>>> print(open('work_35.cif').read())   # mmCIF, C-alpha atoms
data_model
loop_
_atom_site.label_atom_id
_atom_site.label_comp_id
_atom_site.auth_asym_id
_atom_site.auth_seq_id
_atom_site.Cartn_x
_atom_site.Cartn_y
_atom_site.Cartn_z
CA ALA A 1 -53.30 0.79 -8.82
CA ALA A 2 -56.60 2.53 -9.27
CA SER A 3 -57.18 6.12 -10.28
CA CYS A 4 -60.11 8.24 -9.18
CA THR A 5 -61.51 11.62 -10.13
CA GLY A 6 -63.85 14.19 -8.67
CA ASP A 7 -66.79 11.96 -9.59
CA PHE A 8 -65.84 9.85 -6.54
CA LEU A 9 -67.46 12.50 -4.32
CA ILE A 10 -70.82 12.06 -5.99
CA MET A 11 -70.54 8.26 -6.12
CA ALA A 12 -69.74 8.13 -2.41
CA GLY A 13 -72.58 10.47 -1.53
CA GLY A 14 -70.19 13.30 -0.60
CA VAL A 15 -72.67 15.98 -1.66
CA THR A 16 -75.80 14.24 -0.36
CA THR A 17 -77.40 15.83 2.70
CA VAL A 18 -80.62 13.79 2.77
CA VAL A 19 -80.82 10.11 3.69
CA GLU A 20 -82.14 7.93 0.89
CA GLU A 21 -83.12 4.28 0.89
CA GLY A 22 -80.07 2.03 0.84
CA ASP A 23 -77.74 4.62 2.41
CA GLN A 24 -75.40 3.62 5.24
CA VAL A 25 -75.68 5.91 8.28
CA VAL A 26 -74.18 6.23 11.75
CA LEU A 27 -76.47 6.78 14.74
CA ASP A 28 -74.93 8.43 17.80
CA VAL A 29 -77.04 7.27 20.76
CA ASN A 30 -77.01 9.33 23.98
CA ASN A 31 -73.90 11.30 23.07
CA GLY A 32 -71.55 8.40 22.38
CA GLU A 33 -73.01 5.91 24.85
CA LYS A 34 -73.65 3.68 21.86
CA VAL A 35 -72.86 4.05 18.15
CA VAL A 36 -74.86 2.13 15.55
CA ILE A 37 -73.97 1.63 11.88
CA THR A 38 -76.92 0.55 9.77
CA GLN A 39 -78.27 0.56 6.24
CA VAL A 40 -81.49 2.50 5.96
CA THR A 41 -84.26 0.55 4.25
CA LYS A 42 -88.01 0.39 4.75
CA LYS A 43 -87.70 -3.01 6.44
CA ALA A 44 -84.54 -2.40 8.50
CA ARG A 45 -84.77 -2.35 12.28
CA ILE A 46 -82.25 -1.30 14.92
CA LYS A 47 -81.97 -2.23 18.58
CA LEU A 48 -82.24 0.61 21.10
CA GLY A 49 -82.28 -0.60 24.68
CA ARG A 50 -84.71 -3.49 24.82
CA SER A 51 -86.64 -2.41 21.74
CA TYR A 52 -86.27 -2.95 18.00
CA VAL A 53 -87.45 0.09 16.03
CA SER A 54 -87.92 0.74 12.32
CA CYS A 55 -85.46 2.88 10.35
CA LEU A 56 -88.30 4.26 8.22
CA PRO A 57 -88.42 7.66 10.05
CA LEU A 58 -84.79 8.25 8.97
CA LEU A 59 -85.66 8.33 5.27
CA GLY A 60 -85.71 11.84 3.82
CA GLN A 61 -84.08 13.37 6.91
CA THR A 62 -80.94 15.50 6.83
CA TYR A 63 -77.74 14.56 8.61
CA GLY A 64 -77.57 16.10 12.07
CA THR A 65 -81.28 15.55 12.77
CA VAL A 66 -82.07 14.67 16.39
CA PHE A 67 -84.48 11.83 17.23
CA GLU A 68 -85.92 10.43 20.45
CA LEU A 69 -87.24 6.99 21.21
CA SER A 70 -90.98 7.23 21.78
CA ALA A 71 -92.36 6.65 25.28
CA ASP A 72 -93.63 3.20 24.34
CA GLY A 73 -90.24 2.33 22.81
CA ARG A 74 -91.75 1.37 19.46
CA THR A 75 -90.71 4.14 17.09
CA LEU A 76 -88.44 7.13 16.52
CA VAL A 77 -89.89 10.62 16.83
CA GLY A 78 -88.46 14.07 16.26
CA GLY A 79 -86.22 15.11 19.15
CA SER A 80 -85.38 18.48 20.64
CA LYS A 81 -82.05 20.29 20.78
CA ASN A 82 -82.68 20.85 24.50
CA ALA A 83 -82.55 17.10 25.12
CA LEU A 84 -79.23 16.94 23.29
CA ASP A 85 -77.81 19.88 25.26
CA VAL A 86 -78.55 18.11 28.53
CA LEU A 87 -76.76 14.98 27.35
CA ASN A 88 -73.78 17.07 26.27
CA GLY A 89 -73.47 18.27 29.85
CA ASP A 90 -73.52 21.96 28.94
CA PHE A 91 -73.40 23.03 32.59
CA LYS A 92 -73.70 26.68 33.46
CA ASN A 93 -70.81 27.71 35.66
CA THR A 94 -72.39 30.78 37.24
CA SER A 95 -71.98 32.19 40.72
CA THR A 96 -74.78 31.49 43.17
CA GLU A 97 -75.46 31.67 46.88
CA ARG A 98 -77.23 28.30 46.86
CA ASN A 99 -75.42 25.15 47.95
CA ASN A 100 -76.27 21.51 48.60
CA GLU A 101 -75.33 21.54 52.26
CA LYS A 102 -78.84 20.99 53.61
CA LEU A 103 -80.04 18.56 50.94
CA VAL A 104 -80.66 14.99 52.04
CA ASP A 105 -80.88 12.29 49.40
CA ASP A 106 -83.43 10.01 51.07
CA GLY A 107 -85.61 9.34 48.02
CA THR A 108 -88.56 11.41 49.25
CA ALA A 109 -87.92 14.60 47.25
CA GLN A 110 -89.63 13.31 44.09
CA LYS A 111 -93.43 13.54 44.25
CA LEU A 112 -93.97 11.37 41.19
CA THR A 113 -94.01 7.66 41.93
CA GLN A 114 -92.79 5.01 39.51
CA LYS A 115 -96.44 4.20 38.80
CA ASP A 116 -97.07 7.84 37.85
CA ILE A 117 -94.05 7.82 35.54
CA GLU A 118 -95.20 4.64 33.81
CA GLN A 119 -98.64 6.21 33.38
CA LEU A 120 -97.13 9.28 31.73
CA LYS A 121 -95.08 7.08 29.40
CA GLY A 122 -98.21 5.11 28.57
CA ASP A 123 -99.95 8.37 27.63
CA GLY A 124 -97.29 8.96 24.98
CA ILE A 125 -95.32 11.73 26.69
CA THR A 126 -91.93 12.46 25.09
CA GLY A 127 -88.66 12.04 26.93
CA GLY A 128 -88.08 15.78 27.14
CA GLU A 129 -91.54 16.40 28.57
CA LEU A 130 -91.02 13.63 31.13
CA ILE A 131 -87.78 15.25 32.30
CA ASN A 132 -89.64 18.56 32.76
CA LYS A 133 -92.31 16.77 34.81
CA LEU A 134 -89.67 15.25 37.06
CA VAL A 135 -88.07 18.65 37.56
CA GLU A 136 -91.42 20.30 38.39
CA ASN A 137 -92.24 17.62 40.96
CA SER A 138 -88.86 17.61 42.68
CA ALA A 139 -89.04 19.33 46.06
CA THR A 140 -85.30 20.01 46.16
CA PHE A 141 -84.53 20.92 42.54
CA LYS A 142 -84.76 24.69 43.03
CA MET A 143 -82.52 24.45 46.11
CA LYS A 144 -79.68 22.85 44.13
CA THR A 145 -76.82 24.79 42.54
CA GLU A 146 -76.99 25.32 38.77
CA PHE A 147 -74.32 22.67 38.28
CA SER A 148 -76.26 20.14 40.38
CA GLN A 149 -79.45 20.94 38.49
CA GLU A 150 -77.81 20.14 35.16
CA LYS A 151 -76.35 16.91 36.58
CA TYR A 152 -79.79 15.94 37.86
CA LYS A 153 -81.37 16.50 34.44
CA LYS A 154 -78.60 14.59 32.69
CA ARG A 155 -79.01 11.62 35.06
CA LYS A 156 -82.77 11.49 34.48
CA GLN A 157 -82.24 11.95 30.76
CA LYS A 158 -80.10 8.83 30.52
CA LYS A 159 -82.60 6.85 32.57
CA TYR A 160 -85.86 7.85 30.91
CA CYS A 161 -84.96 9.19 27.48
CA THR A 162 -83.01 7.84 24.50
CA VAL A 163 -81.72 10.53 22.15
CA LEU A 164 -79.86 9.84 18.93
CA VAL A 165 -78.30 11.95 16.20
CA LEU A 166 -78.31 10.97 12.53
CA CYS A 167 -74.66 11.19 11.41
CA ARG A 168 -72.91 10.92 8.06
CA PRO A 169 -70.78 7.75 7.65
CA CYS A 170 -67.48 9.62 7.40
CA ALA A 171 -64.12 8.13 8.38
CA GLN A 172 -64.24 9.70 11.85
CA ASN A 173 -67.67 8.32 12.74
CA ILE A 174 -66.96 4.88 11.25
CA CYS A 175 -63.65 4.58 13.10
CA GLU A 176 -65.19 5.57 16.43
CA ALA A 177 -68.10 3.19 15.91
CA PHE A 178 -65.90 0.18 15.16
CA TYR A 179 -63.44 1.02 17.95
CA GLN A 180 -66.32 1.03 20.43
CA LYS A 181 -68.11 -2.08 19.18
CA SER A 182 -65.57 -4.31 17.37
CA PRO A 183 -62.03 -2.88 17.70
CA PHE A 184 -60.46 -6.15 16.50
CA LYS A 185 -61.99 -5.57 13.04
CA ILE A 186 -59.84 -2.46 12.58
CA CYS A 187 -56.81 -3.78 14.49
CA GLY A 188 -57.62 -1.59 17.49
CA LEU A 189 -57.05 1.57 15.44
CA ARG A 190 -58.12 4.69 17.36
CA LEU A 191 -59.20 7.89 15.65
CA ASP A 192 -56.18 9.85 16.85
CA SER A 193 -53.84 7.13 15.56
CA LEU A 194 -55.62 7.10 12.21
CA SER A 195 -55.35 10.89 11.93
CA LEU A 196 -51.64 10.80 12.78
CA LEU A 197 -51.05 8.06 10.21
CA LEU A 198 -52.69 10.09 7.43
CA ASN A 199 -50.82 13.21 8.48
CA LEU A 200 -47.40 11.55 8.59
CA GLY A 201 -48.13 9.92 5.24
CA ASN A 202 -48.79 13.38 3.76
CA VAL A 203 -52.05 12.15 2.26
CA CYS A 204 -53.52 15.06 0.30
CA PRO A 205 -55.33 15.67 -3.02
CA TYR A 206 -53.44 15.21 -6.31
CA SER A 207 -50.99 12.74 -4.80
CA ARG A 208 -50.16 9.09 -5.45
CA VAL A 209 -50.68 6.92 -2.37
CA LEU A 210 -49.63 3.35 -1.68
CA VAL A 211 -51.84 1.65 0.93
CA LEU A 212 -51.00 -1.68 2.53
CA GLU A 213 -53.25 -2.48 5.47
CA GLU A 214 -55.16 -5.20 7.33
CA SER A 215 -57.74 -3.06 9.09
CA GLY A 216 -60.77 -4.05 7.05
CA GLY A 217 -60.36 -1.15 4.63
CA MET A 218 -60.47 1.52 7.35
CA ILE A 219 -57.18 3.14 6.33
CA LEU A 220 -57.91 2.88 2.60
CA ALA A 221 -61.36 4.46 2.97
CA SER A 222 -59.96 7.24 5.18
CA ALA A 223 -57.24 7.98 2.62
CA LEU A 224 -59.78 8.14 -0.21
CA GLU A 225 -61.93 10.51 1.84
CA ARG A 226 -59.00 12.84 2.50
CA LEU A 227 -57.90 12.74 -1.15
CA CYS A 228 -61.30 14.20 -2.16
CA GLY A 229 -61.43 12.08 -5.30
CA TYR A 230 -58.35 13.59 -6.92
CA CYS A 231 -55.78 10.84 -6.55
CA GLN A 232 -54.16 7.63 -7.65
CA VAL A 233 -54.17 4.79 -5.13
#
>>> encode(input="work_35.cif", output="structure tokens")
Amino acid sequence: AASCTGDFLIMAGGVTTVVEEGDQVVLDVNNGEKVVITQVTKKARIKLGRSYVSCLPLLGQTYGTVFELSADGRTLVGGSKNALDVLNGDFKNTSTERNNEKLVDDGTAQKLTQKDIEQLKGDGITGGELINKLVENSATFKMKTEFSQEKYKKRKQKKYCTVLVLCRPCAQNICEAFYQKSPFKICGLRLDSLSLLLNLGNVCPYSRVLVLEESGGMILASALERLCGYCQV
């Protein structure tokens, strides 16, 4: 058995809001399309799409910060909340007289050619700015319903822009990341199953908990997080 006190919160980085060198972080790419767990060091690199980018821009940033992959795919730059809202699919369900009845998807509505888009990316334009350019040069965008407009922006966002959110390595984020990438490492344990297990076990601060598991420490770490450092395990 091992006892722990409130100091566990500080040791585990529970009160830290800024990423420091050596910290483990979770990166939520394109709203759950991909989840990356990495240790942030000056030499560490992560794979996003076909590119490997440095983790250096993450140092000193607060959890919840939004980043975008630069147009050349070589580095991470500060992202916009607007780009994240589009990925979240925050569609406006408002009444309108417009409809898509007369729209024909024949590939001629977009004035920008692929060569023009590559030129803009070569000039260092951000993903959000590129989406705005595509919207401005679409002959049918204003004719679409609000819902279709948001779907259009989201589709272009996923194609031309990579957005990621810097997340704290809490039990929820770690469980979701492993379930998506390597579920066998945590015995296929889903987040809802993990939550139910902790709830039925009545895991709460100032309690004594017996943990017997083969999920790579996922259940043990989740129990310690819920116990807030006041426990005996």
>>> atom_distance(input="work_35.cif", atom1="CA of Leu134 (chain A)", atom2="CA of Phe67 (chain A)")
20.8 Å
>>> atom_distance(input="work_35.cif", atom1="CA of Tyr160 (chain A)", atom2="CA of Ala71 (chain A)")
8.7 Å
>>> resolve_selection(input="work_35.cif", expression="the PyMOL selection byres ((chain A and resi 159) around 12)", output="list in words")
Asn30, Gly49, Leu87, Ile117, Gly127, Gly128, Leu130, Ile131, Leu134, Tyr152, Lys153, Lys154, Arg155, Lys156, Gln157, Lys158, Tyr160, Cys161, Thr162 and Val163 of chain A
>>> atom_distance(input="work_35.cif", atom1="CA of Gly73 (chain A)", atom2="CA of Val53 (chain A)")
7.7 Å
>>> closest_residue(input="work_35.cif", among="A:Ser222, A:Ser215, A:Gln232, A:Thr75", to="Cys187 (chain A)", atoms="all atoms listed in the file")
A:Ser215
>>> axis_aligned_box(input="work_35.cif", around="region 48-58 of chain A", padding_each_side="3 Å", output="lines of an AutoDock Vina configuration file")
center_x = -85.3
center_y = 2.4
center_z = 16.5
size_x = 12.2
size_y = 17.7
size_z = 22.6
>>> residues_near_point(input="work_35.cif", point="(-89.1, -5.6, 9.5)", cutoff="12 Å", atoms="only C-alpha atoms", output="number ranges by chain")
A: 40-46, 52-56
>>> residues_around(input="work_35.cif", residues="Phe184 (chain A)", least_positions_apart="3", cutoff="12 Å", atoms="all atoms listed in the file", output="PyMOL selection string")
chain A and resi 175+178-181+187-190+214-216+218
>>> residues_around(input="work_35.cif", residues="region 32-35 of chain A", least_positions_apart="5", cutoff="7 Å", atoms="all atoms listed in the file", output="NGL selection string")
:A and (26-27 or 177)
>>> closest_residue(input="work_35.cif", among="A:Glu136, A:Glu213, A:Glu129, A:Glu225", to="Ala171 (chain A)", atoms="all atoms listed in the file")
A:Glu225
>>> closest_residue(input="work_35.cif", among="A:Ile174, A:Val77, A:Val165, A:Val233", to="Thr126 (chain A)", atoms="all atoms listed in the file")
A:Val77
>>> residues_around(input="work_35.cif", residues="Asn199 (chain A)", least_positions_apart="4", cutoff="12 Å", atoms="all atoms listed in the file", output="ChimeraX atom specification")
/A:192-195,203-204,222-223,226-227
